[in-house]
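Everything below concerns the one structure shown next.
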Amino acid sequence: MATASSAGYPESGRSRATRTERLASAETKPAFKSTEFFVYLAAVAAVLVASAVVGGGATDVDVFPADQAWLYVTLLTVGYMISRGLAKCGSREPTDRTTT
């Protein structure tokens, strides 16, 4: 006959602390530590600088207007958010913390 614990479950011989300890893990590293974050910032800066530099010359026709530049920045942002979501989807980065 097995001895019962206070919760009504048989004892396995391990202490309660041993059974409840496990490694905590973060989904992924923080976004500012990833290279895709810096590529995103560089791409946004490049689009905005290109929009400012490429402008009306002698013809006074703005070939890369600000509204088009901000559309590209919005598309870059959506792409970055999707890539971060996919990165967080199933990867794990173990940490050295334990939870109980």
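Chain identifiers are assigned as A, B, and so on, following the order in which chains appear in the structure tokens; residues are numbered from 1 within each chain, and ligands are numbered from 1 in order of appearance.
Residues in contact with Leu76 of chain A at up to 10 Å, not including ones fewer than 6 positions away on its chain and judged by only C-alpha atoms, are Tyr40, Leu41, Ala43, Val44, Val47, Trp70 and Ile82 of chain A.
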- [ ] Would you return as a PyMOL selection string the members of segment 34-66 of chain A that DSSP assigns to alpha helix (DSSP H) on this structure's backbone?
- [x] chain A and resi 35-53+66
- [ ] Show which residues sit within 12 Å of Ala45 of chain A, as a ChimeraX atom specification. Count only C-alpha atoms, and ignore same-chain residues fewer than 6 positions away.
- [x] /A:38-39,51-52,69-70,72-73,76
Create the file for the chosen residues now, containing N, CA and C atoms and written as a CSV table (one decimal), in the first residue's frame.
```
chain,number,residue,atom,x,y,z
A,38,PHE,N,17.9,46.4,-36.0
A,38,PHE,CA,18.8,47.4,-36.6
A,38,PHE,C,18.7,47.5,-38.1
A,39,VAL,N,18.4,46.4,-38.8
A,39,VAL,CA,18.1,46.5,-40.2
A,39,VAL,C,16.8,47.3,-40.4
A,51,SER,N,13.5,60.1,-49.4
A,51,SER,CA,12.3,61.0,-49.7
A,51,SER,C,12.7,62.5,-49.6
A,52,ALA,N,13.6,62.8,-48.6
A,52,ALA,CA,14.0,64.2,-48.4
A,52,ALA,C,14.9,64.6,-49.5
A,69,ALA,N,6.6,57.9,-49.0
A,69,ALA,CA,7.7,57.5,-48.0
A,69,ALA,C,7.1,56.9,-46.8
A,70,TRP,N,6.1,57.6,-46.2
A,70,TRP,CA,5.5,57.1,-45.0
A,70,TRP,C,4.7,55.8,-45.2
A,72,TYR,N,5.8,53.5,-47.3
A,72,TYR,CA,6.9,52.5,-47.2
A,72,TYR,C,7.3,52.2,-45.8
A,73,VAL,N,7.4,53.2,-44.9
A,73,VAL,CA,7.7,53.0,-43.5
A,73,VAL,C,6.6,52.2,-42.8
A,76,LEU,N,7.2,48.6,-43.9
A,76,LEU,CA,8.3,48.1,-43.2
A,76,LEU,C,8.0,47.7,-41.8
```
TODO: Using only C-alpha atoms, pick whichever of A:Glu36, A:Ala66, A:Val61, A:Val53 has the shortest atom-to-atom distance to Met81 of chain A.
DONE: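 Distance minimum relative to Met81 of chain A lands on A:Glu36.
Our summary of the geometry notes that atom CA of Gln68 of chain A is positioned 24.5 Å from atom CA of Arg84 of chain A.
Put simply, atom CA of Cys89 of chain A is 24.9 Å away from atom CA of Ala42 of chain A.
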Open item on the list: What does the structure give for the distance between atom CA of Tyr80 of chain A and atom CA of Val54 of chain A, in Å to one decimal?
Closed with: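 Value for the atom CA of Tyr80 of chain A-atom CA of Val54 of chain A distance: 25.1 Å.
Between Thr35 of chain A and the candidates A:Ser83, A:Thr74, A:Val49, A:Asp62, the tightest atom-to-atom separation, counting only C-alpha atoms, involves A:Ser83.
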